[in-house]
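Trainee: run33.cif is the file, holding mmCIF, C-alpha atoms:
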```cif
data_data
loop_
_atom_site.group_PDB
_atom_site.id
_atom_site.type_symbol
_atom_site.label_atom_id
_atom_site.label_comp_id
_atom_site.auth_asym_id
_atom_site.auth_seq_id
_atom_site.Cartn_x
_atom_site.Cartn_y
_atom_site.Cartn_z
ATOM 1 C CA MET A 1226 -58.732 6.850 6.573
ATOM 2 C CA GLU A 1227 -60.644 7.705 9.772
ATOM 3 C CA LYS A 1228 -60.442 11.435 8.995
ATOM 4 C CA LYS A 1229 -61.542 10.837 5.434
ATOM 5 C CA ARG A 1230 -64.423 8.655 6.621
ATOM 6 C CA SER A 1231 -65.527 11.338 9.121
ATOM 7 C CA GLN A 1232 -65.396 14.036 6.453
ATOM 8 C CA HIS A 1233 -67.425 11.799 4.164
ATOM 9 C CA LEU A 1234 -70.127 11.278 6.779
ATOM 10 C CA THR A 1235 -70.317 15.030 7.378
ATOM 11 C CA SER A 1236 -70.629 15.721 3.661
ATOM 12 C CA ILE A 1237 -73.403 13.127 3.396
ATOM 13 C CA VAL A 1238 -75.426 14.846 6.124
ATOM 14 C CA GLN A 1239 -75.005 18.218 4.421
ATOM 15 C CA ALA A 1240 -75.912 16.824 1.010
ATOM 16 C CA ASP A 1241 -78.924 15.021 2.465
ATOM 17 C CA LEU A 1242 -80.236 18.302 3.826
ATOM 18 C CA VAL A 1243 -79.862 19.816 0.362
ATOM 19 C CA SER A 1244 -81.781 16.879 -1.148
ATOM 20 C CA ILE A 1245 -84.622 17.211 1.353
ATOM 21 C CA LEU A 1246 -84.806 20.976 0.820
ATOM 22 C CA ALA A 1247 -84.824 20.460 -2.959
ATOM 23 C CA LEU A 1248 -87.712 18.013 -2.675
ATOM 24 C CA VAL A 1249 -89.644 20.306 -0.364
ATOM 25 C CA PHE A 1250 -89.073 23.208 -2.770
ATOM 26 C CA PHE A 1251 -90.240 21.076 -5.715
ATOM 27 C CA VAL A 1252 -93.400 19.974 -3.902
ATOM 28 C CA VAL A 1253 -94.183 23.503 -2.705
ATOM 29 C CA VAL A 1254 -93.713 24.982 -6.187
ATOM 30 C CA VAL A 1255 -95.934 22.388 -7.858
ATOM 31 C CA TYR A 1256 -98.524 22.682 -5.095
ATOM 32 C CA GLY A 1257 -98.511 26.452 -5.419
ATOM 33 C CA LEU A 1258 -98.837 26.385 -9.208
ATOM 34 C CA ASP A 1259 -101.754 24.003 -8.965
ATOM 35 C CA THR A 1260 -103.495 26.194 -6.380
ATOM 36 C CA LEU A 1261 -102.987 29.401 -8.357
ATOM 37 C CA LEU A 1262 -103.492 28.181 -11.922
ATOM 38 C CA ASN A 1263 -105.516 24.963 -11.590
ATOM 39 C CA PRO A 1264 -104.106 23.698 -14.935
ATOM 40 C CA GLN A 1265 -105.794 20.976 -16.997
ATOM 41 C CA PHE A 1266 -103.638 18.678 -19.134
ATOM 42 C CA THR A 1267 -104.545 16.397 -22.028
ATOM 43 C CA GLY A 1268 -102.631 14.697 -24.823
ATOM 44 C CA PHE A 1269 -98.906 15.442 -25.086
ATOM 45 C CA PRO A 1270 -98.880 18.017 -22.244
ATOM 46 C CA LEU A 1271 -100.324 15.301 -19.986
ATOM 47 C CA VAL A 1272 -97.555 12.849 -20.916
ATOM 48 C CA LEU A 1273 -94.887 15.542 -20.494
ATOM 49 C CA THR A 1274 -96.309 16.490 -17.096
ATOM 50 C CA GLY A 1275 -96.222 12.857 -16.011
ATOM 51 C CA VAL A 1276 -92.597 12.459 -17.080
ATOM 52 C CA VAL A 1277 -91.444 15.655 -15.345
ATOM 53 C CA LEU A 1278 -93.353 14.965 -12.136
ATOM 54 C CA SER A 1279 -91.974 11.415 -12.058
ATOM 55 C CA LEU A 1280 -88.345 12.087 -12.957
ATOM 56 C CA VAL A 1281 -87.573 15.078 -10.736
ATOM 57 C CA PRO A 1282 -88.162 13.253 -7.408
ATOM 58 C CA ALA A 1283 -86.486 10.119 -8.807
ATOM 59 C CA VAL A 1284 -83.334 12.035 -9.755
ATOM 60 C CA ILE A 1285 -83.175 13.789 -6.363
ATOM 61 C CA TRP A 1286 -83.632 10.511 -4.471
ATOM 62 C CA LEU A 1287 -81.052 8.835 -6.737
ATOM 63 C CA GLY A 1288 -78.500 11.452 -5.691
ATOM 64 C CA PHE A 1289 -79.535 10.951 -2.057
ATOM 65 C CA PHE A 1290 -78.676 7.243 -2.158
ATOM 66 C CA TYR A 1291 -75.730 7.515 -4.565
ATOM 67 C CA ARG A 1292 -73.774 9.784 -2.207
ATOM 68 C CA ARG A 1293 -73.607 7.012 0.380
ATOM 69 C CA ASP A 1294 -70.883 5.378 -1.686
ATOM 70 C CA ARG A 1295 -69.029 8.628 -2.266
ATOM 71 C CA LEU A 1296 -65.592 7.394 -1.192
ATOM 72 C CA GLU A 1297 -65.672 4.751 -3.917
ATOM 73 C CA PRO A 1298 -68.613 5.759 -6.133
ATOM 74 C CA GLU A 1299 -70.027 3.521 -8.815
ATOM 75 C CA PRO A 1300 -69.721 4.595 -12.466
ATOM 76 C CA LYS A 1301 -72.624 6.929 -13.169
ATOM 77 C CA GLY A 1302 -73.203 5.231 -16.514
ATOM 78 C CA MET A 1303 -73.785 1.861 -14.848
ATOM 79 C CA VAL A 1304 -76.088 3.374 -12.235
ATOM 80 C CA LEU A 1305 -78.130 5.017 -14.994
ATOM 81 C CA GLN A 1306 -78.226 1.728 -16.904
ATOM 82 C CA VAL A 1307 -79.698 -0.058 -13.889
ATOM 83 C CA PHE A 1308 -82.125 2.837 -13.388
ATOM 84 C CA THR A 1309 -83.241 2.474 -17.007
ATOM 85 C CA LEU A 1310 -83.457 -1.303 -16.719
ATOM 86 C CA GLY A 1311 -85.717 -0.965 -13.691
ATOM 87 C CA GLY A 1312 -88.044 1.257 -15.690
ATOM 88 C CA LEU A 1313 -88.026 -1.061 -18.692
ATOM 89 C CA LEU A 1314 -88.874 -4.073 -16.524
ATOM 90 C CA ALA A 1315 -91.774 -2.139 -15.013
ATOM 91 C CA ALA A 1316 -93.106 -1.214 -18.455
ATOM 92 C CA ALA A 1317 -92.499 -4.550 -20.174
ATOM 93 C CA ILE A 1318 -93.322 -6.990 -17.362
ATOM 94 C CA GLY A 1319 -94.406 -5.467 -14.057
ATOM 95 C CA ILE A 1320 -97.347 -3.324 -15.146
ATOM 96 C CA PRO A 1321 -98.707 -5.799 -17.767
ATOM 97 C CA VAL A 1322 -98.422 -8.755 -15.363
ATOM 98 C CA LEU A 1323 -100.305 -6.997 -12.566
ATOM 99 C CA ASP A 1324 -102.892 -5.333 -14.810
ATOM 100 C CA ASN A 1325 -103.528 -8.131 -17.315
ATOM 101 C CA LEU A 1326 -102.309 -11.479 -15.972
ATOM 102 C CA PHE A 1327 -103.371 -11.010 -12.342
ATOM 103 C CA ALA A 1328 -105.952 -8.286 -13.138
ATOM 104 C CA VAL A 1329 -105.534 -6.877 -9.625
ATOM 105 C CA ASP A 1330 -107.932 -3.992 -10.220
ATOM 106 C CA GLY A 1331 -110.804 -6.470 -10.450
ATOM 107 C CA TRP A 1332 -110.399 -8.216 -7.110
ATOM 108 C CA LEU A 1333 -107.705 -6.676 -4.934
ATOM 109 C CA THR A 1334 -109.937 -4.314 -2.962
ATOM 110 C CA ARG A 1335 -112.945 -6.616 -2.499
ATOM 111 C CA SER A 1336 -112.058 -7.139 1.138
ATOM 112 C CA THR A 1337 -109.408 -6.019 3.586
ATOM 113 C CA LEU A 1338 -107.894 -9.526 3.676
ATOM 114 C CA SER A 1339 -107.618 -9.825 -0.117
ATOM 115 C CA HIS A 1340 -106.210 -6.311 -0.247
ATOM 116 C CA ILE A 1341 -103.439 -7.020 2.253
ATOM 117 C CA LEU A 1342 -102.547 -10.495 0.967
ATOM 118 C CA GLY A 1343 -102.757 -9.454 -2.676
ATOM 119 C CA ALA A 1344 -100.659 -6.365 -2.019
ATOM 120 C CA ILE A 1345 -97.892 -8.483 -0.476
ATOM 121 C CA LEU A 1346 -98.017 -11.791 -2.389
ATOM 122 C CA VAL A 1347 -98.891 -10.440 -5.835
ATOM 123 C CA VAL A 1348 -97.940 -6.765 -6.075
ATOM 124 C CA GLY A 1349 -95.031 -6.810 -3.638
ATOM 125 C CA PHE A 1350 -93.362 -9.995 -4.843
ATOM 126 C CA THR A 1351 -93.778 -9.106 -8.528
ATOM 127 C CA GLN A 1352 -92.230 -5.686 -8.141
ATOM 128 C CA GLU A 1353 -89.410 -6.620 -5.783
ATOM 129 C CA PHE A 1354 -88.412 -9.689 -7.803
ATOM 130 C CA LEU A 1355 -88.100 -7.533 -10.912
ATOM 131 C CA LYS A 1356 -85.899 -5.040 -9.047
ATOM 132 C CA TYR A 1357 -83.811 -7.966 -7.806
ATOM 133 C CA ALA A 1358 -83.527 -9.257 -11.380
ATOM 134 C CA ALA A 1359 -82.468 -5.826 -12.635
ATOM 135 C CA VAL A 1360 -79.366 -6.044 -10.418
ATOM 136 C CA ARG A 1361 -78.730 -9.793 -10.188
ATOM 137 C CA PHE A 1362 -78.674 -10.375 -13.936
ATOM 138 C CA SER A 1363 -76.849 -7.199 -14.934
ATOM 139 C CA VAL A 1364 -74.213 -5.615 -12.673
ATOM 140 C CA PHE A 1365 -74.019 -8.262 -9.929
ATOM 141 C CA SER A 1366 -71.142 -10.114 -11.619
ATOM 142 C CA SER A 1367 -69.409 -6.933 -12.737
ATOM 143 C CA GLY A 1368 -66.047 -5.926 -11.335
ATOM 144 C CA GLU A 1369 -67.594 -2.586 -10.427
ATOM 145 C CA PHE A 1370 -69.813 -4.359 -7.895
ATOM 146 C CA ASP A 1371 -66.843 -4.668 -5.556
ATOM 147 C CA GLU A 1372 -68.214 -3.994 -2.063
ATOM 148 C CA PRO A 1373 -71.386 -4.853 -0.132
ATOM 149 C CA VAL A 1374 -72.785 -1.311 -0.161
ATOM 150 C CA ASP A 1375 -72.846 -1.400 -3.986
ATOM 151 C CA GLY A 1376 -75.859 -3.685 -3.768
ATOM 152 C CA ILE A 1377 -77.849 -0.922 -2.104
ATOM 153 C CA VAL A 1378 -76.682 1.718 -4.601
ATOM 154 C CA TYR A 1379 -77.581 -0.344 -7.678
ATOM 155 C CA ALA A 1380 -80.818 -1.721 -6.243
ATOM 156 C CA THR A 1381 -82.104 1.711 -5.247
ATOM 157 C CA ALA A 1382 -81.338 2.887 -8.779
ATOM 158 C CA ALA A 1383 -83.426 -0.004 -10.140
ATOM 159 C CA GLY A 1384 -86.190 0.831 -7.658
ATOM 160 C CA LEU A 1385 -86.234 4.482 -8.696
ATOM 161 C CA GLY A 1386 -86.405 3.534 -12.365
ATOM 162 C CA TYR A 1387 -89.281 1.206 -11.586
ATOM 163 C CA ALA A 1388 -91.047 3.934 -9.583
ATOM 164 C CA ALA A 1389 -90.563 6.501 -12.349
ATOM 165 C CA LEU A 1390 -92.411 4.280 -14.834
ATOM 166 C CA LEU A 1391 -95.156 3.545 -12.299
ATOM 167 C CA ASN A 1392 -95.606 7.250 -11.703
ATOM 168 C CA VAL A 1393 -95.717 8.127 -15.404
ATOM 169 C CA ASN A 1394 -98.273 5.370 -15.897
ATOM 170 C CA PHE A 1395 -100.246 6.702 -12.907
ATOM 171 C CA VAL A 1396 -100.508 10.184 -14.436
ATOM 172 C CA ILE A 1397 -101.417 8.951 -17.917
ATOM 173 C CA GLU A 1398 -103.899 6.299 -16.747
ATOM 174 C CA SER A 1399 -105.574 8.861 -14.520
ATOM 175 C CA GLY A 1400 -106.263 11.007 -17.583
ATOM 176 C CA GLY A 1401 -104.916 13.903 -15.626
ATOM 177 C CA VAL A 1402 -103.631 14.540 -12.166
ATOM 178 C CA ASP A 1403 -104.396 16.829 -9.282
ATOM 179 C CA LEU A 1404 -100.892 18.278 -9.108
ATOM 180 C CA ALA A 1405 -101.141 19.264 -5.461
ATOM 181 C CA VAL A 1406 -101.912 15.716 -4.322
ATOM 182 C CA GLY A 1407 -100.196 13.919 -7.188
ATOM 183 C CA VAL A 1408 -96.754 15.409 -6.579
ATOM 184 C CA ILE A 1409 -96.834 14.259 -2.936
ATOM 185 C CA ARG A 1410 -97.874 10.752 -3.956
ATOM 186 C CA ILE A 1411 -95.189 10.600 -6.653
ATOM 187 C CA THR A 1412 -92.430 11.816 -4.330
ATOM 188 C CA VAL A 1413 -93.313 9.345 -1.582
ATOM 189 C CA THR A 1414 -93.765 6.480 -4.061
ATOM 190 C CA SER A 1415 -90.284 7.124 -5.468
ATOM 191 C CA LEU A 1416 -88.739 7.018 -2.002
ATOM 192 C CA ALA A 1417 -90.682 3.875 -1.093
ATOM 193 C CA HIS A 1418 -89.623 1.866 -4.142
ATOM 194 C CA ALA A 1419 -86.030 3.005 -3.716
ATOM 195 C CA SER A 1420 -85.931 2.019 -0.052
ATOM 196 C CA PHE A 1421 -87.599 -1.372 -0.532
ATOM 197 C CA ALA A 1422 -85.250 -2.135 -3.415
ATOM 198 C CA GLY A 1423 -82.402 -1.050 -1.137
ATOM 199 C CA VAL A 1424 -83.394 -3.842 1.258
ATOM 200 C CA VAL A 1425 -82.988 -6.324 -1.606
ATOM 201 C CA GLY A 1426 -79.676 -4.667 -2.481
ATOM 202 C CA TYR A 1427 -78.388 -5.086 1.055
ATOM 203 C CA PHE A 1428 -79.068 -8.824 0.919
ATOM 204 C CA LEU A 1429 -77.444 -9.055 -2.544
ATOM 205 C CA GLY A 1430 -74.335 -7.280 -1.295
ATOM 206 C CA GLN A 1431 -74.056 -9.614 1.679
ATOM 207 C CA GLU A 1432 -74.611 -12.623 -0.578
ATOM 208 C CA LYS A 1433 -71.714 -11.661 -2.828
ATOM 209 C CA PHE A 1434 -69.121 -10.806 -0.191
ATOM 210 C CA THR A 1435 -70.021 -12.911 2.848
ATOM 211 C CA ASN A 1436 -70.822 -16.556 3.425
ATOM 212 C CA ARG A 1437 -74.619 -16.690 3.439
ATOM 213 C CA PRO A 1438 -77.046 -19.640 3.156
ATOM 214 C CA ALA A 1439 -78.935 -20.310 -0.072
ATOM 215 C CA TRP A 1440 -82.154 -18.828 1.280
ATOM 216 C CA TRP A 1441 -80.510 -15.550 2.309
ATOM 217 C CA THR A 1442 -81.362 -13.352 -0.685
ATOM 218 C CA ALA A 1443 -84.794 -14.964 -1.112
ATOM 219 C CA SER A 1444 -85.593 -13.870 2.435
ATOM 220 C CA GLY A 1445 -84.475 -10.353 1.521
ATOM 221 C CA VAL A 1446 -86.835 -10.271 -1.455
ATOM 222 C CA ALA A 1447 -89.632 -11.579 0.798
ATOM 223 C CA LEU A 1448 -88.956 -8.858 3.382
ATOM 224 C CA ALA A 1449 -88.942 -6.157 0.701
ATOM 225 C CA ALA A 1450 -92.129 -7.576 -0.815
ATOM 226 C CA THR A 1451 -93.848 -7.462 2.573
ATOM 227 C CA LEU A 1452 -92.809 -3.843 3.122
ATOM 228 C CA ASN A 1453 -93.893 -3.023 -0.427
ATOM 229 C CA GLY A 1454 -97.280 -4.671 0.100
ATOM 230 C CA VAL A 1455 -97.942 -2.865 3.363
ATOM 231 C CA PHE A 1456 -97.016 0.427 1.719
ATOM 232 C CA PHE A 1457 -99.250 -0.343 -1.266
ATOM 233 C CA PHE A 1458 -102.146 -1.159 1.040
ATOM 234 C CA LEU A 1459 -101.752 2.068 3.007
ATOM 235 C CA ARG A 1460 -101.092 4.292 0.008
ATOM 236 C CA SER A 1461 -103.875 2.896 -2.174
ATOM 237 C CA THR A 1462 -106.382 4.968 -0.225
ATOM 238 C CA LEU A 1463 -105.128 7.870 -2.352
ATOM 239 C CA THR A 1464 -106.142 7.106 -5.940
ATOM 240 C CA GLN A 1465 -106.456 8.588 -9.419
ATOM 241 C CA GLY A 1466 -104.221 11.536 -8.637
ATOM 242 C CA ALA A 1467 -106.667 12.869 -6.057
ATOM 243 C CA LEU A 1468 -108.613 11.695 -3.039
ATOM 244 C CA SER A 1469 -110.916 8.785 -3.681
ATOM 245 C CA THR A 1470 -114.624 9.210 -3.001
ATOM 246 C CA SER A 1471 -114.919 6.461 -0.386
ATOM 247 C CA GLY A 1472 -114.203 6.972 3.290
ATOM 248 C CA SER A 1473 -113.420 10.136 5.157
ATOM 249 C CA GLY A 1474 -110.678 12.523 4.106
ATOM 250 C CA VAL A 1475 -108.971 12.084 7.479
ATOM 251 C CA GLN A 1476 -108.822 8.288 7.033
ATOM 252 C CA ARG A 1477 -107.456 8.592 3.504
ATOM 253 C CA TRP A 1478 -104.737 11.044 4.474
ATOM 254 C CA LEU A 1479 -103.897 9.026 7.578
ATOM 255 C CA GLY A 1480 -103.290 5.944 5.437
ATOM 256 C CA PHE A 1481 -101.088 7.919 3.079
ATOM 257 C CA ALA A 1482 -99.196 9.507 5.972
ATOM 258 C CA LEU A 1483 -98.521 6.066 7.466
ATOM 259 C CA ALA A 1484 -97.244 4.877 4.079
ATOM 260 C CA ALA A 1485 -94.882 7.856 3.961
ATOM 261 C CA VAL A 1486 -93.665 7.119 7.494
ATOM 262 C CA LEU A 1487 -92.974 3.492 6.534
ATOM 263 C CA ALA A 1488 -90.927 4.515 3.472
ATOM 264 C CA THR A 1489 -88.990 7.073 5.506
ATOM 265 C CA ALA A 1490 -88.286 4.579 8.300
ATOM 266 C CA VAL A 1491 -86.883 1.998 5.861
ATOM 267 C CA THR A 1492 -84.699 4.689 4.280
ATOM 268 C CA TRP A 1493 -83.418 5.721 7.716
ATOM 269 C CA VAL A 1494 -82.531 2.114 8.573
ATOM 270 C CA LEU A 1495 -80.699 1.684 5.264
ATOM 271 C CA SER A 1496 -78.747 4.898 5.806
ATOM 272 C CA GLY A 1497 -77.824 3.800 9.310
ATOM 273 C CA THR A 1498 -76.667 0.411 8.025
ATOM 274 C CA ILE A 1499 -74.399 2.065 5.485
ATOM 275 C CA ARG A 1500 -72.966 4.477 8.061
ATOM 276 C CA LYS A 1501 -72.179 1.605 10.429
ATOM 277 C CA GLN A 1502 -70.526 -0.298 7.590
ATOM 278 C CA MET A 1503 -68.348 2.709 6.817
ATOM 279 C CA GLN A 1504 -67.316 3.119 10.444
ATOM 280 C CA LEU A 1505 -66.058 -0.444 10.837
ATOM 281 C CA PRO A 1506 -62.317 -0.414 11.660
ATOM 282 C CA GLY A 1507 -60.054 -1.685 8.924
ATOM 283 C CA THR A 1508 -62.622 -1.245 6.184
ATOM 284 C CA THR A 1509 -63.159 1.017 3.246
ATOM 285 C CA ALA A 1510 -66.346 3.013 2.738
ATOM 286 C CA GLY A 1511 -68.167 -0.009 1.483
ATOM 287 C CA GLY A 1512 -67.129 -2.349 4.251
ATOM 288 C CA MET A 1513 -64.500 -4.482 2.467
ATOM 289 C CA GLU A 1514 -61.329 -5.175 4.408
ATOM 290 C CA GLU A 1515 -58.358 -3.125 3.356
ATOM 291 C CA ALA A 1516 -55.399 -5.012 1.977
#
```
Translate this file's structure into structure tokens.
Mentor:
Amino acid sequence: MEKKRSQHLTSIVQADLVSILALVFFVVVVYGLDTLLNPQFTGFPLVLTGVVLSLVPAVIWLGFFYRRDRLEPEPKGMVLQVFTLGGLLAAAIGIPVLDNLFAVDGWLTRSTLSHILGAILVVGFTQEFLKYAAVRFSVFSSGEFDEPVDGIVYATAAGLGYAALLNVNFVIESGGVDLAVGVIRITVTSLAHASFAGVVGYFLGQEKFTNRPAWWTASGVALAATLNGVFFFLRSTLTQGALSTSGSGVQRWLGFALAAVLATAVTWVLSGTIRKQMQLPGTTAGGMEEA
């Protein structure tokens, strides 16, 4: 088991490098095409562009997180179902609630305080609760959810589905997208929503297989919502598929860079948590005690 676990960790590192290189290649290609061709999209080509730009990073990140459960992987069909459910919840509830019920565009950026609090308490909690619901009320009670790490796998799938719909909506609502800037935003947004959902998934996995107090998972959703809100606040300086017209370019890119660092840091912590779980003596890859 120790040899198998070591081989698994080595294969994860190698596969992660492939994922990162694939994302870099994707971003470079799109950036280069935009620089050389400066394409303009409307109508169906615009929708198709939004779908492609949104799904490619989501699929690559999904593979990145899915491989962490490689010794006892979840059924791909169930992972895809949760991914789809995350997207459907974004389209049916998340986007309409934020745009119409809370009408965040009308008041969120009036002041720095309203921006930060609204990003956490309204945007963050709405989005992270829906990702939680996508797992808790679907696969949580399934026999396939049989180890703590499964919570992270399923929740990141829900987060990536949610992000994919947000990104498609971003491209379409923008009426077009600066591909060079848009592809970077889309890639980072996908990672961010996956990692924040993974935090919720960690708490769900612990709730199911360990003795935790009633407030345990609620605190996980609150933590994810806070991270989500901070990311939203930092990233929102980059709007409409290109740089906004307010503030200096350095300030806007600094905010976006900090948002990217936050998403990457959360992903790194999640990966480290999973690796530690796998290395526990007397456990399987997911951390359950062997019979």
Trainee: Which residues come within 8 Å of range 1423-1429 of chain A, counting all atoms listed in the file, excluding same-chain residues fewer than 2 positions away, as a PyMOL selection string?
Mentor: chain A and resi 1353+1357+1361+1373-1381+1384+1419-1421+1431-1433+1441-1442+1445-1446+1448-1449+1495
Trainee: Please evaluate the PyMOL selection byres ((chain A and resi 1278-1290) around 7) against the structure above and give the resulting residues as a list in words.
Mentor: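 Applying the expression gives Asp1241, Ser1244, Leu1248, Thr1274, Gly1275, Val1276, Val1277, Tyr1291, Arg1292, Arg1293, Val1378, Ala1382, Leu1385, Ala1389, Asn1392, Val1393, Val1408, Ile1411, Thr1412, Ser1415 and Leu1416 of chain A.
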Trainee: Report, in Å with one decimal, the straight-line distance from CA of Pro1298 in chain A to CA of Ala1485 in chain A.
Mentor: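 Separating CA of Pro1298 in chain A from CA of Ala1485 in chain A is a distance of 28.2 Å.
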Trainee: Go through A:Ile1345, A:Ala1247, A:Leu1326, A:Ala1359 one by one, measure the shortest atom-to-atom distance of each to Leu1313 in chain A using only C-alpha atoms, and give the residue with the smallest value.
Mentor: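 Looking only at the distances to Leu1313 in chain A, the closest residue turns out to be A:Ala1359.
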Trainee: Measuring atom to atom with all atoms listed in the file, identify which of A:Pro1321, A:Gly1497, A:Pro1438, A:Gly1454 is nearest to His1340 in chain A.
Mentor: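 For His1340 in chain A, the nearest of the candidates is A:Gly1454.
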Trainee: Taking only C-alpha atoms into account, name the residue in A:Gly1386, A:Pro1270, A:Gly1407, A:Gly1368 that is nearest to Ala1315 in chain A.
Mentor: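 Of the candidates, the smallest distance to Ala1315 in chain A is held by A:Gly1386.
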Trainee: Let me make sure I understand: among A:Ile1320, A:Leu1404, A:Val1252, A:Val1413, which one has the smallest atom-to-atom distance to Thr1492 in chain A if we use all atoms listed in the file?
Mentor: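 Distance minimum relative to Thr1492 in chain A lands on A:Val1413.
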Trainee: Got a sec: who's within 9 Å of Gln1306 in chain A, counting all atoms listed in the file, leaving out chain neighbours fewer than 4 positions off, as a list in words?
Mentor: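 Here the qualifying residues turn out to be Lys1301, Gly1302, Leu1310, Gly1311, Ala1382 and Ala1383 of chain A.
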Trainee: For C-alpha atoms, I'd like the residues from the last selection saved as a short mmCIF file (atom, residue, chain, number, x, y, z; two decimals), in the frame of the given file.
Mentor:
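What landed in again_27.cif:
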```
data_model
loop_
_atom_site.label_atom_id
_atom_site.label_comp_id
_atom_site.auth_asym_id
_atom_site.auth_seq_id
_atom_site.Cartn_x
_atom_site.Cartn_y
_atom_site.Cartn_z
CA LYS A 1301 -72.62 6.93 -13.17
CA GLY A 1302 -73.20 5.23 -16.51
CA LEU A 1310 -83.46 -1.30 -16.72
CA GLY A 1311 -85.72 -0.96 -13.69
CA ALA A 1382 -81.34 2.89 -8.78
CA ALA A 1383 -83.43 0.00 -10.14
#
```
Trainee: In terms of the shortest atom-to-atom distance over only C-alpha atoms, which of A:Leu1271, A:Ala1490, A:Val1347, A:Met1303 is closest to Val1360 in chain A?
Mentor: A:Met1303
